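Enquirer: Pasting work-v4.csv below, which is CSV, C-alpha atoms and all ligand atoms.
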```csv
chain,number,residue,atom,x,y,z
A,1,MET,CA,-144.3,0.3,61.7
A,2,VAL,CA,-144.3,2.0,58.4
A,3,ARG,CA,-141.3,4.1,57.5
A,4,THR,CA,-141.5,7.8,57.9
A,5,THR,CA,-142.4,10.0,54.9
A,6,VAL,CA,-139.3,12.1,55.1
A,7,PHE,CA,-136.8,9.2,55.0
A,8,HIS,CA,-138.5,7.3,52.4
A,9,GLY,CA,-139.4,10.4,50.4
A,10,LEU,CA,-135.7,11.4,50.3
A,11,LEU,CA,-134.6,8.0,49.0
A,12,ALA,CA,-137.3,7.8,46.4
A,13,GLY,CA,-136.4,11.4,45.4
A,14,LEU,CA,-132.8,10.4,45.1
A,15,VAL,CA,-133.6,7.4,42.9
A,16,ALA,CA,-135.9,9.6,40.7
A,17,LEU,CA,-133.1,12.2,40.4
A,18,LEU,CA,-130.5,9.6,39.5
A,19,THR,CA,-132.9,8.1,36.9
A,20,ALA,CA,-133.7,11.6,35.6
A,21,CYS,CA,-129.9,12.5,35.5
A,22,SER,CA,-129.0,9.4,33.5
A,23,ALA,CA,-131.9,9.9,31.1
A,24,PRO,CA,-130.0,11.9,28.4
A,25,GLN,CA,-127.3,9.2,28.0
A,26,SER,CA,-129.5,6.2,28.4
A,27,ASP,CA,-133.1,5.3,29.1
A,28,ALA,CA,-131.9,2.0,30.5
A,29,PRO,CA,-133.4,0.7,33.7
A,30,GLN,CA,-131.3,1.5,36.9
A,31,GLN,CA,-130.7,-1.2,39.5
A,32,THR,CA,-132.3,0.1,42.7
A,33,ALA,CA,-132.1,-2.9,44.9
A,34,GLY,CA,-130.6,-2.0,48.3
A,35,SER,CA,-131.1,1.7,47.9
A,36,VAL,CA,-134.8,1.8,48.6
A,37,GLU,CA,-136.4,-0.5,51.2
A,38,PRO,CA,-139.8,-2.1,51.7
A,39,ILE,CA,-142.3,0.2,53.4
A,40,THR,CA,-142.5,-1.9,56.7
A,41,GLU,CA,-139.8,-0.4,58.9
A,42,ASN,CA,-139.0,-3.5,60.9
A,43,ILE,CA,-139.8,-6.0,58.1
A,44,ASP,CA,-139.0,-9.6,58.9
A,45,PRO,CA,-135.7,-10.8,57.4
A,46,ALA,CA,-137.4,-13.4,55.2
A,47,ALA,CA,-139.8,-10.9,53.7
A,48,GLN,CA,-136.9,-8.4,53.3
A,49,ALA,CA,-134.9,-11.1,51.5
A,50,LEU,CA,-137.9,-11.8,49.2
A,51,TRP,CA,-138.1,-8.1,48.3
A,52,ARG,CA,-134.3,-8.0,47.6
A,53,ASN,CA,-134.2,-11.2,45.6
A,54,LEU,CA,-137.2,-10.2,43.5
A,55,HIS,CA,-135.3,-7.0,42.7
A,56,ARG,CA,-132.3,-9.1,41.7
A,57,LEU,CA,-134.3,-11.0,39.2
A,58,LYS,CA,-135.2,-7.9,37.2
A,59,GLY,CA,-134.1,-8.2,33.6
A,60,GLU,CA,-133.3,-12.0,34.0
A,61,GLY,CA,-136.7,-13.6,34.2
A,62,PHE,CA,-140.1,-13.6,35.9
A,63,LEU,CA,-141.9,-15.8,38.3
A,64,PHE,CA,-144.9,-17.5,36.8
A,65,GLY,CA,-148.0,-17.5,39.1
A,66,HIS,CA,-151.4,-19.2,39.1
A,67,GLN,CA,-154.5,-18.5,41.3
A,68,ASP,CA,-155.8,-21.4,43.4
A,69,SER,CA,-153.4,-23.7,41.6
A,70,LEU,CA,-153.3,-26.5,44.3
A,71,ALA,CA,-157.0,-26.4,45.2
A,72,TYR,CA,-158.7,-27.6,42.0
A,73,GLY,CA,-158.3,-27.7,38.2
A,74,VAL,CA,-160.7,-27.9,35.3
A,75,GLN,CA,-161.0,-31.7,35.6
A,76,TRP,CA,-160.2,-32.5,39.3
A,77,ARG,CA,-160.6,-31.1,42.8
A,78,ASP,CA,-159.5,-32.0,46.3
A,79,ASP,CA,-156.6,-34.1,45.1
A,80,SER,CA,-153.6,-33.4,47.2
A,81,GLY,CA,-150.4,-32.5,45.2
A,82,ARG,CA,-152.2,-31.7,41.9
A,83,SER,CA,-152.1,-28.5,39.9
A,84,ASP,CA,-153.1,-28.0,36.3
A,85,VAL,CA,-149.7,-26.3,35.9
A,86,LYS,CA,-147.9,-29.4,37.1
A,87,LEU,CA,-150.1,-31.8,35.1
A,88,THR,CA,-148.9,-30.2,31.9
A,89,THR,CA,-145.3,-29.0,32.6
A,90,GLY,CA,-144.3,-31.4,35.4
A,91,ASP,CA,-143.4,-28.4,37.5
A,92,TYR,CA,-145.3,-26.2,40.1
A,93,PRO,CA,-145.7,-22.5,39.6
A,94,ALA,CA,-143.2,-20.2,41.3
A,95,LEU,CA,-146.0,-18.0,42.8
A,96,TYR,CA,-149.4,-18.9,44.1
A,97,GLY,CA,-152.4,-16.6,44.4
A,98,TRP,CA,-155.1,-17.1,46.9
A,99,ASP,CA,-158.3,-15.1,47.8
A,100,LEU,CA,-159.6,-14.5,51.3
A,101,GLY,CA,-163.2,-13.5,50.3
A,102,ARG,CA,-165.5,-14.7,53.1
A,103,LEU,CA,-162.8,-14.9,55.7
A,104,GLU,CA,-164.4,-11.7,57.0
A,105,LEU,CA,-167.6,-13.6,57.6
A,106,ASN,CA,-165.7,-16.3,59.6
A,107,ASP,CA,-166.7,-18.9,57.0
A,108,ALA,CA,-164.8,-22.1,56.7
A,109,ARG,CA,-164.5,-21.7,52.9
A,110,ASN,CA,-163.7,-18.8,50.6
A,111,LEU,CA,-166.0,-17.4,47.9
A,112,ASP,CA,-164.9,-20.1,45.4
A,113,GLY,CA,-165.3,-23.0,47.9
A,114,VAL,CA,-161.7,-23.3,49.0
A,115,PRO,CA,-161.5,-24.4,52.7
A,116,PHE,CA,-159.3,-21.9,54.6
A,117,ALA,CA,-157.8,-24.7,56.6
A,118,LYS,CA,-156.5,-26.4,53.5
A,119,MET,CA,-155.5,-23.0,52.0
A,120,ARG,CA,-153.2,-22.6,54.9
A,121,ASP,CA,-151.6,-26.0,54.3
A,122,TRP,CA,-151.2,-25.3,50.6
A,123,MET,CA,-149.6,-21.9,51.4
A,124,ARG,CA,-147.1,-23.6,53.7
A,125,ASP,CA,-146.4,-26.3,51.1
A,126,ALA,CA,-145.6,-23.5,48.6
A,127,TYR,CA,-143.3,-21.7,50.9
A,128,ARG,CA,-141.5,-25.0,51.8
A,129,ARG,CA,-140.9,-25.6,48.1
A,130,GLY,CA,-139.3,-22.1,47.8
A,131,GLY,CA,-142.4,-20.5,46.2
A,132,VAL,CA,-144.1,-17.2,46.8
A,133,VAL,CA,-147.6,-16.6,48.1
A,134,SER,CA,-149.8,-13.6,47.1
A,135,VAL,CA,-153.1,-12.9,48.7
A,136,SER,CA,-156.1,-10.9,47.3
A,137,TRP,CA,-159.4,-10.3,49.1
A,138,HIS,CA,-162.9,-10.1,47.4
A,139,MET,CA,-164.2,-8.9,50.8
A,140,THR,CA,-167.9,-8.6,51.4
A,141,HIS,CA,-168.7,-5.0,52.6
A,142,PRO,CA,-167.9,-5.3,56.3
A,143,GLY,CA,-170.8,-2.9,57.2
A,144,THR,CA,-173.6,-4.0,54.9
A,145,GLY,CA,-172.6,-7.6,54.2
A,146,SER,CA,-173.1,-7.2,50.4
A,147,SER,CA,-170.8,-8.9,48.0
A,148,SER,CA,-167.6,-7.2,46.7
A,149,TRP,CA,-169.4,-6.7,43.4
A,150,GLU,CA,-172.4,-4.8,44.9
A,151,THR,CA,-171.7,-1.1,44.5
A,152,ASP,CA,-174.5,0.6,46.5
A,153,THR,CA,-172.4,1.4,49.5
A,154,GLY,CA,-168.7,2.5,49.3
A,155,ALA,CA,-166.0,2.7,51.8
A,156,ALA,CA,-166.8,6.1,53.4
A,157,GLU,CA,-168.5,4.7,56.5
A,158,LEU,CA,-165.7,2.2,57.0
A,159,LEU,CA,-163.1,4.9,57.7
A,160,PRO,CA,-162.3,6.2,61.2
A,161,GLY,CA,-165.3,7.9,62.6
A,162,GLY,CA,-167.7,6.1,60.2
A,163,GLN,CA,-170.6,3.9,61.5
A,164,TYR,CA,-169.0,0.7,60.1
A,165,HIS,CA,-165.4,1.4,61.1
A,166,LYS,CA,-165.4,-1.2,63.8
A,167,ASP,CA,-166.5,-3.8,61.2
A,168,LEU,CA,-163.5,-3.0,59.0
A,169,ARG,CA,-161.2,-3.5,62.0
A,170,LEU,CA,-162.8,-6.8,62.7
A,171,ALA,CA,-162.2,-7.9,59.1
A,172,LEU,CA,-158.6,-6.9,59.3
A,173,ASP,CA,-158.3,-8.7,62.6
A,174,GLN,CA,-159.4,-11.9,60.8
A,175,PHE,CA,-156.7,-11.3,58.3
A,176,ALA,CA,-154.0,-10.7,61.0
A,177,ALA,CA,-155.0,-13.9,62.7
A,178,PHE,CA,-154.8,-15.8,59.4
A,179,ALA,CA,-151.4,-14.3,58.6
A,180,ARG,CA,-150.1,-15.1,62.1
A,181,SER,CA,-151.3,-18.7,61.8
A,182,LEU,CA,-148.9,-19.2,58.8
A,183,GLU,CA,-145.9,-20.2,60.9
A,184,VAL,CA,-143.1,-21.7,58.9
A,185,SER,CA,-139.5,-22.7,59.4
A,186,LEU,CA,-137.3,-19.8,58.3
A,187,PRO,CA,-133.9,-20.0,56.6
A,188,ASP,CA,-132.1,-19.1,59.9
A,189,GLY,CA,-133.7,-22.2,61.5
A,190,ARG,CA,-136.2,-20.3,63.6
A,191,THR,CA,-139.9,-20.6,63.3
A,192,GLY,CA,-141.7,-17.4,62.2
A,193,PRO,CA,-144.4,-15.9,60.1
A,194,MET,CA,-144.5,-16.7,56.4
A,195,PRO,CA,-143.8,-13.7,54.1
A,196,LEU,CA,-146.8,-12.8,52.1
A,197,ILE,CA,-147.5,-10.4,49.2
A,198,PHE,CA,-150.8,-8.7,50.2
A,199,ARG,CA,-152.8,-7.2,47.4
A,200,PRO,CA,-155.9,-5.7,49.0
A,201,TRP,CA,-158.5,-3.4,47.3
A,202,HIS,CA,-157.5,-4.4,43.7
A,203,GLU,CA,-158.8,-3.0,40.4
A,204,HIS,CA,-160.2,0.1,42.3
A,205,ASN,CA,-160.0,2.2,39.1
A,206,GLY,CA,-162.8,0.0,37.7
A,207,ASP,CA,-166.5,0.5,38.8
A,208,TRP,CA,-167.3,-3.1,39.7
A,209,PHE,CA,-166.3,-3.4,43.4
A,210,TRP,CA,-167.7,-1.4,46.3
A,211,TRP,CA,-164.2,0.0,47.0
A,212,GLY,CA,-163.9,1.0,43.3
A,213,LYS,CA,-164.6,4.2,41.3
A,214,GLY,CA,-168.1,5.4,41.8
A,215,PRO,CA,-169.2,4.0,45.2
A,216,THR,CA,-165.9,5.1,46.7
A,217,SER,CA,-164.3,8.5,46.1
A,218,GLU,CA,-160.6,8.7,45.3
A,219,GLU,CA,-159.8,10.3,48.6
A,220,ASP,CA,-161.7,7.7,50.6
A,221,TYR,CA,-159.9,4.9,48.6
A,222,ARG,CA,-156.6,6.4,49.6
A,223,ALA,CA,-157.7,6.6,53.2
A,224,LEU,CA,-159.0,3.0,53.2
A,225,TRP,CA,-155.6,1.8,51.8
A,226,ARG,CA,-153.6,3.8,54.3
A,227,PHE,CA,-155.7,2.7,57.2
A,228,THR,CA,-155.3,-0.9,56.2
A,229,VAL,CA,-151.5,-0.7,56.0
A,230,ASP,CA,-151.2,1.3,59.2
A,231,TYR,CA,-153.6,-0.9,61.2
A,232,LEU,CA,-151.8,-4.1,60.1
A,233,ALA,CA,-148.4,-2.7,60.8
A,234,GLN,CA,-149.0,-0.7,64.0
A,235,GLU,CA,-152.0,-2.3,65.8
A,236,GLN,CA,-151.5,-5.9,64.6
A,237,GLN,CA,-147.7,-5.7,64.4
A,238,LEU,CA,-147.5,-7.7,61.2
A,239,ASP,CA,-144.0,-7.3,59.7
A,240,GLN,CA,-144.1,-10.1,57.1
A,241,LEU,CA,-146.1,-8.3,54.3
A,242,LEU,CA,-145.2,-6.7,51.0
A,243,PHE,CA,-148.1,-4.6,49.8
A,244,ALA,CA,-149.1,-4.7,46.1
A,245,PHE,CA,-151.2,-2.0,44.4
A,246,SER,CA,-153.1,-3.3,41.3
A,247,PRO,CA,-155.3,-1.1,39.1
A,248,ASP,CA,-157.0,-2.7,36.1
A,249,ARG,CA,-155.5,-2.1,32.7
A,250,SER,CA,-158.9,-1.7,31.0
A,251,ARG,CA,-159.4,1.6,32.8
A,252,LEU,CA,-155.9,3.0,32.2
A,253,ASN,CA,-155.1,5.6,29.6
A,254,LEU,CA,-151.8,4.6,28.0
A,255,ASP,CA,-151.3,8.1,26.7
A,256,GLN,CA,-151.3,9.5,30.2
A,257,PHE,CA,-150.1,6.4,32.0
A,258,GLU,CA,-148.7,8.0,35.1
A,259,SER,CA,-151.6,10.2,36.1
A,260,SER,CA,-154.1,7.5,35.1
A,261,TYR,CA,-152.1,4.8,37.0
A,262,LEU,CA,-151.8,6.9,40.1
A,263,TYR,CA,-155.6,7.3,40.5
A,264,GLY,CA,-156.1,6.5,44.2
A,265,TYR,CA,-152.4,5.8,44.8
A,266,PRO,CA,-151.9,6.0,48.6
A,267,GLY,CA,-148.2,7.1,48.3
A,268,ASP,CA,-144.8,5.6,48.1
A,269,ASP,CA,-144.8,5.0,51.9
A,270,TYR,CA,-147.7,2.6,51.5
A,271,VAL,CA,-146.9,0.4,48.5
A,272,ASP,CA,-144.1,-2.1,47.8
A,273,ILE,CA,-145.1,-3.4,44.4
A,274,LEU,CA,-146.7,-1.5,41.5
A,275,GLY,CA,-149.0,-4.1,39.9
A,276,ILE,CA,-151.3,-4.2,37.0
A,277,ASP,CA,-154.2,-6.5,36.4
A,278,ASN,CA,-154.2,-7.1,32.7
A,279,TYR,CA,-156.8,-9.2,30.9
A,280,TRP,CA,-157.6,-6.4,28.6
A,281,ASP,CA,-154.6,-6.6,26.2
A,282,LEU,CA,-154.5,-10.4,26.2
A,283,GLY,CA,-157.7,-11.3,24.3
A,284,HIS,CA,-160.5,-9.9,26.5
A,285,SER,CA,-163.9,-10.5,24.9
A,286,ALA,CA,-165.0,-6.9,25.3
A,287,ASN,CA,-161.9,-5.5,23.6
A,288,THR,CA,-162.2,-4.9,19.9
A,289,ALA,CA,-158.6,-4.1,19.2
A,290,THR,CA,-156.7,-6.3,16.7
A,291,PRO,CA,-154.1,-8.7,18.1
A,292,GLU,CA,-151.3,-6.4,16.7
A,293,GLU,CA,-152.8,-3.4,18.6
A,294,ASP,CA,-153.2,-5.6,21.7
A,295,ALA,CA,-149.6,-6.6,21.5
A,296,ALA,CA,-148.3,-3.0,21.2
A,297,ARG,CA,-150.5,-1.9,24.1
A,298,PHE,CA,-149.5,-4.9,26.3
A,299,ILE,CA,-145.9,-3.9,25.8
A,300,ALA,CA,-146.6,-0.2,26.4
A,301,SER,CA,-148.5,-1.0,29.6
A,302,LEU,CA,-145.7,-3.2,31.1
A,303,GLY,CA,-143.0,-0.8,30.0
A,304,ALA,CA,-144.7,2.2,31.5
A,305,LEU,CA,-145.4,0.4,34.7
A,306,ALA,CA,-141.8,-0.8,35.1
A,307,LYS,CA,-140.5,2.8,34.5
A,308,LEU,CA,-142.8,4.2,37.1
A,309,ALA,CA,-141.7,1.5,39.5
A,310,ALA,CA,-138.0,2.2,38.9
A,311,GLN,CA,-138.5,5.9,39.5
A,312,ARG,CA,-140.1,5.1,42.9
A,313,GLY,CA,-137.8,2.2,43.9
A,314,LYS,CA,-140.7,-0.3,43.7
A,315,LEU,CA,-141.0,-3.7,42.1
A,316,ALA,CA,-143.3,-4.1,39.1
A,317,ALA,CA,-145.5,-7.1,38.4
A,318,MET,CA,-148.5,-8.3,36.4
A,319,THR,CA,-150.4,-9.1,39.5
A,320,GLU,CA,-153.4,-10.8,37.7
A,321,GLY,CA,-154.5,-11.5,34.2
A,322,GLY,CA,-154.3,-13.9,31.3
A,323,GLN,CA,-156.7,-15.1,28.6
A,324,ASP,CA,-159.9,-16.7,29.8
A,325,THR,CA,-160.5,-20.2,28.2
A,326,LEU,CA,-157.2,-19.9,26.2
A,327,PHE,CA,-158.8,-19.8,22.8
A,328,GLU,CA,-155.3,-19.1,21.2
A,329,SER,CA,-153.2,-22.2,21.4
A,330,ASP,CA,-150.0,-20.1,21.2
A,331,PHE,CA,-151.0,-17.7,23.8
A,332,PHE,CA,-148.1,-18.3,26.3
A,333,THR,CA,-145.2,-17.8,23.9
A,334,GLU,CA,-146.7,-15.4,21.4
A,335,ARG,CA,-148.7,-13.0,23.7
A,336,LEU,CA,-147.3,-13.4,27.2
A,337,LEU,CA,-143.6,-14.2,26.8
A,338,LYS,CA,-143.2,-11.9,23.8
A,339,GLY,CA,-144.7,-9.0,25.8
A,340,TRP,CA,-142.4,-9.6,28.7
A,341,GLN,CA,-139.3,-10.0,26.3
A,342,ALA,CA,-140.1,-6.9,24.2
A,343,ASN,CA,-137.6,-4.5,25.6
A,344,GLU,CA,-135.4,-3.7,28.6
A,345,TRP,CA,-138.3,-2.1,30.5
A,346,THR,CA,-140.8,-4.9,30.0
A,347,ARG,CA,-138.1,-7.3,31.2
A,348,GLN,CA,-138.1,-5.5,34.6
A,349,ILE,CA,-141.5,-7.1,35.4
A,350,VAL,CA,-140.7,-9.6,38.2
A,351,TYR,CA,-143.8,-11.8,38.2
A,352,VAL,CA,-146.8,-12.6,36.1
A,353,GLN,CA,-149.8,-14.3,37.7
A,354,VAL,CA,-152.7,-15.8,35.7
A,355,TRP,CA,-156.1,-16.4,37.2
A,356,ARG,CA,-157.8,-19.6,38.3
A,357,ASN,CA,-158.8,-22.9,36.5
A,358,ALA,CA,-162.4,-23.2,37.7
A,359,ASN,CA,-163.5,-26.8,38.2
A,360,ARG,CA,-165.9,-27.6,35.4
A,361,GLU,CA,-168.1,-29.9,37.4
A,362,ARG,CA,-168.5,-27.6,40.3
A,363,GLU,CA,-169.0,-24.4,38.4
A,364,SER,CA,-170.7,-25.7,35.2
A,365,ARG,CA,-168.7,-23.4,32.9
A,366,ASN,CA,-165.4,-22.9,31.1
A,367,HIS,CA,-163.3,-20.4,33.0
A,368,PHE,CA,-159.5,-21.2,33.0
A,369,TYR,CA,-156.1,-19.6,32.4
A,370,VAL,CA,-153.6,-22.5,32.1
A,371,PRO,CA,-154.2,-25.5,29.9
A,372,TYR,CA,-155.6,-28.7,31.4
A,373,SER,CA,-154.5,-32.2,30.2
A,374,GLY,CA,-155.2,-32.6,26.5
A,375,HIS,CA,-156.0,-28.9,25.9
A,376,SER,CA,-154.8,-27.4,22.6
A,377,ALA,CA,-152.5,-24.9,24.3
A,378,ALA,CA,-150.6,-27.6,26.4
A,379,ASP,CA,-147.6,-27.9,24.0
A,380,ASN,CA,-147.2,-24.2,23.9
A,381,PHE,CA,-147.4,-24.0,27.7
A,382,ILE,CA,-144.6,-26.6,27.9
A,383,GLU,CA,-142.5,-24.5,25.5
A,384,PHE,CA,-143.2,-21.4,27.7
A,385,HIS,CA,-142.1,-23.4,30.7
A,386,GLU,CA,-138.9,-24.4,29.1
A,387,HIS,CA,-137.9,-20.9,28.2
A,388,PRO,CA,-135.0,-19.6,30.4
A,389,ALA,CA,-136.9,-16.4,31.2
A,390,THR,CA,-139.9,-18.1,32.7
A,391,LEU,CA,-139.4,-19.2,36.3
A,392,PHE,CA,-141.4,-22.1,37.7
A,393,GLU,CA,-140.6,-23.8,41.0
A,394,ALA,CA,-137.7,-25.9,39.7
A,395,ASP,CA,-135.9,-22.7,38.4
A,396,LEU,CA,-136.2,-20.7,41.6
A,397,PRO,CA,-133.1,-19.3,43.4
A,398,PRO,CA,-133.5,-19.2,47.2
A,399,LEU,CA,-135.8,-16.2,47.7
A,400,TYR,CA,-135.9,-16.0,51.5
A,401,GLU,CA,-132.2,-15.7,52.4
B,501,LIG,C1,-163.4,-13.7,39.4
B,501,LIG,C2,-164.0,-15.0,38.9
B,501,LIG,C3,-165.0,-15.4,39.9
B,501,LIG,C4,-164.4,-15.6,41.3
B,501,LIG,C5,-163.6,-14.3,41.7
B,501,LIG,C6,-162.8,-14.5,42.9
B,501,LIG,O1,-162.5,-13.1,38.5
B,501,LIG,O2,-163.0,-16.0,38.7
B,501,LIG,O3,-165.6,-16.6,39.5
B,501,LIG,O4,-165.4,-15.8,42.2
B,501,LIG,O5,-162.7,-14.0,40.6
B,501,LIG,O6,-161.9,-15.5,42.9
```
Can you give me the file's structure in the form of structure tokens?
Ligand code: BMA

Expert:
Amino acid sequence: MVRTTVFHGLLAGLVALLTACSAPQSDAPQQTAGSVEPITENIDPAAQALWRNLHRLKGEGFLFGHQDSLAYGVQWRDDSGRSDVKLTTGDYPALYGWDLGRLELNDARNLDGVPFAKMRDWMRDAYRRGGVVSVSWHMTHPGTGSSSWETDTGAAELLPGGQYHKDLRLALDQFAAFARSLEVSLPDGRTGPMPLIFRPWHEHNGDWFWWGKGPTSEEDYRALWRFTVDYLAQEQQLDQLLFAFSPDRSRLNLDQFESSYLYGYPGDDYVDILGIDNYWDLGHSANTATPEEDAARFIASLGALAKLAAQRGKLAAMTEGGQDTLFESDFFTERLLKGWQANEWTRQIVYVQVWRNANRERESRNHFYVPYSGHSAADNFIEFHEHPATLFEADLPPLYE
């Protein structure tokens, strides 16, 4: 069950008021943990603890995450226990991203060739080691079957009353079955569902996905998001999820951050984590800004995000991003860490997740976000790992109790 608007609205309003009242004396971040709760009313204790513990980390450090980290690396695949993060630093990431694209088709493998059966095991391994699992979904259109990047048909007919609505339900049923299958041993000794950060319908302010701007109207996007959350909570009774909203930085206007960020925002009753997918400020090939401009904008984007999250009692995170092919050997300390360290607002960001290290042999291209063995950014990544603010697996406090 999702909390009622009135209760949650009052709390969020109170936090906003307190933040506003304290503004003349200090613009400092306010600690909101405990005063505002996750959106799922009967949230499982382990997921609730994750939420609380992530709040506690604010200002201290951030979890470092990597997509598909255990499934393959640039120079290896299907090798149990490996991760390009571990090969360089000796440590696993603190957070693991996985994508469910093609689960809706009942396929055995996801869109990047990761077997779902193994993904489940890797997710459980991550949890057992104290790490966090985040899930995105490059879903094929449940009605037309076209890929997430085909933009001919939007979300309108997936909504209640639409001709493909039952297909959306079936896709969400697959998700619910998958989430339920992730049984783990909880801190209280009982067996129960593994807490997950669920990040559906990402980068919707871009025009490259069928749920994005253009094929899907803002109103339909909101309805799609709300239906997803309500269906999973009420009909599927999933109580182990934290929901992350993640617009793409390249389509955000930093001068009008709030209104631009809130495009399609389903409301405070429907989101736990305010995320941002940021490749744009970190050396994106289509961005012509200078590195100095990039740095200032990266800091501005993280700071504005963290402020908005604090006003609403939410967590803030860089849910996806990084520098494709790591052409700057000092990327990790000079771009990423400096951005996070810049001021007391940027330091409120609780996790930063970079994208995947595509296997070169399988994909015949260079597409990676952490260094592989022998790469010129490896030493810098080790330095980044050693910094007290960057949390990898070995640095994690217990997050689920
Ligand atoms: C993109 C690229 C694609 C991949 C997709 C889903 O950003 O990495 O190659 O298929 O994410 O993981």

Enquirer: Could you give me, as a ChimeraX atom specification, every polymer residue with an atom at most 9 Å away from an atom of ligand LIG 501 (chain B), counting all atoms listed in the file?

Expert: /A:67-68,98-101,110-112,136-138,355-358,363,367-368

Enquirer: Excluding segment 221-237 of chain A and its own-chain neighbours fewer than 3 positions away, which residues fall within 9 Å of it when counting all atoms listed in the file? Please give them as a ChimeraX atom specification.

Expert: /A:1-2,40,155-156,158-160,168-169,172-173,175-177,200-201,204,211-213,216-218,241,243,264-267,270-271

Enquirer: Looking at all atoms listed in the file, which of A:Val133, A:Leu105, A:Ala342, A:Leu326 is the one that sits closest to Gly145 of chain A?

Expert: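 Smallest distance to Gly145 of chain A is found for A:Leu105.
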
Enquirer: In Å, rounded to a single decimal, give me how far atom CA of Tyr279 of chain A is from atom CA of Ala378 of chain A.

Expert: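 Between atom CA of Ala378 of chain A and atom CA of Tyr279 of chain A the gap is 19.9 Å.
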
Enquirer: Figure out the distance between atom CA of Ala71 of chain A and atom CA of Arg365 of chain A, please, to one decimal in Å.

Expert: 17.2 Å

Enquirer: Using all atoms listed in the file, which of the listed residues (A:Leu305, A:Val135, A:Ile349, A:Ala377) sits closest to Glu334 of chain A?

Expert: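 Among the listed residues, A:Ala377 lies closest to Glu334 of chain A.
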
Enquirer: Which value, in Å to one decimal, gives the distance between atom CA of Asp248 of chain A and atom CA of Asp277 of chain A?

Expert: 4.7 Å

Enquirer: Which one of A:Ala171, A:Thr153, A:Ala117, A:Trp51 sits closest to Met139 of chain A if you count all atoms listed in the file?

Expert: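 When distances to Met139 of chain A are compared using all atoms listed in the file, the smallest one comes from A:Ala171.
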
Enquirer: Measuring atom to atom with only C-alpha atoms, identify which of A:Ala286, A:Leu103, A:Val132, A:Leu252 is nearest to Asn53 of chain A.

Expert: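 Smallest distance to Asn53 of chain A is found for A:Val132.
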
Enquirer: For Leu396 of chain A, which of A:Gly162, A:Gly321, A:Gly374, A:Gly61 is the closest residue, counting only C-alpha atoms?

Expert: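 Smallest separation from Leu396 of chain A among the options: A:Gly61.
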
Enquirer: Return the single residue from A:Arg251, A:Ile197, A:Arg124, A:Pro215 that is closest to Ser181 of chain A, with distances computed using all atoms listed in the file.

Expert: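 Selected residue with least distance to Ser181 of chain A: A:Arg124.
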
Enquirer: List every protein, DNA or RNA residue that has an atom no more than 10 Å from (-149.8, 6.2, 28.4) in the file's coordinate frame, counting all atoms listed in the file, and report them as a list in words.

Expert: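 So the residues meeting the distance criterion are Leu252, Asn253, Leu254, Asp255, Gln256, Phe257, Glu258, Ser259, Ser260, Tyr261, Arg297, Ala300, Ser301, Gly303, Ala304 and Leu305 of chain A.
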
Enquirer: Store the residues picked out above in a file with C-alpha atoms, as a PDB file, in the frame of the given file.

Expert:
```
ATOM      1  CA  LEU A 252    -155.900   3.000  32.200  1.00  0.00           C
ATOM      2  CA  ASN A 253    -155.100   5.600  29.600  1.00  0.00           C
ATOM      3  CA  LEU A 254    -151.800   4.600  28.000  1.00  0.00           C
ATOM      4  CA  ASP A 255    -151.300   8.100  26.700  1.00  0.00           C
ATOM      5  CA  GLN A 256    -151.300   9.500  30.200  1.00  0.00           C
ATOM      6  CA  PHE A 257    -150.100   6.400  32.000  1.00  0.00           C
ATOM      7  CA  GLU A 258    -148.700   8.000  35.100  1.00  0.00           C
ATOM      8  CA  SER A 259    -151.600  10.200  36.100  1.00  0.00           C
ATOM      9  CA  SER A 260    -154.100   7.500  35.100  1.00  0.00           C
ATOM     10  CA  TYR A 261    -152.100   4.800  37.000  1.00  0.00           C
ATOM     11  CA  ARG A 297    -150.500  -1.900  24.100  1.00  0.00           C
ATOM     12  CA  ALA A 300    -146.600  -0.200  26.400  1.00  0.00           C
ATOM     13  CA  SER A 301    -148.500  -1.000  29.600  1.00  0.00           C
ATOM     14  CA  GLY A 303    -143.000  -0.800  30.000  1.00  0.00           C
ATOM     15  CA  ALA A 304    -144.700   2.200  31.500  1.00  0.00           C
ATOM     16  CA  LEU A 305    -145.400   0.400  34.700  1.00  0.00           C
TER      17      LEU A 305
END
```

Enquirer: Find the residues near Ala296 of chain A: any atom within 12 Å, counting all atoms listed in the file, skip ones fewer than 5 places away on the same chain, and give them as a list in words.

Expert: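 Near neighbours after the sequence-gap exclusion: Leu254, Asp281, Leu282, Ala289, Thr290, Pro291, Ser301, Leu302, Gly303, Arg335, Lys338, Gly339, Trp340, Ala342, Asn343 and Thr346 of chain A.
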
Enquirer: For Glu183 of chain A, work out the shell of residues within 8 Å, counting all atoms listed in the file and skipping chain neighbours fewer than 2 positions away, then give it as number ranges by chain.

Expert: A: 180-181, 185, 191-194

Enquirer: Report as a PyMOL selection string all protein, DNA and RNA residues lying within 10 Å of segment 85-93 of chain A, evaluated on only C-alpha atoms, omitting residues in the same chain fewer than 2 positions from it.

Expert: chain A and resi 63-67+69-70+73+81-83+95-96+126+129+131-132+353+357+369-375+377-379+381-386+391-396
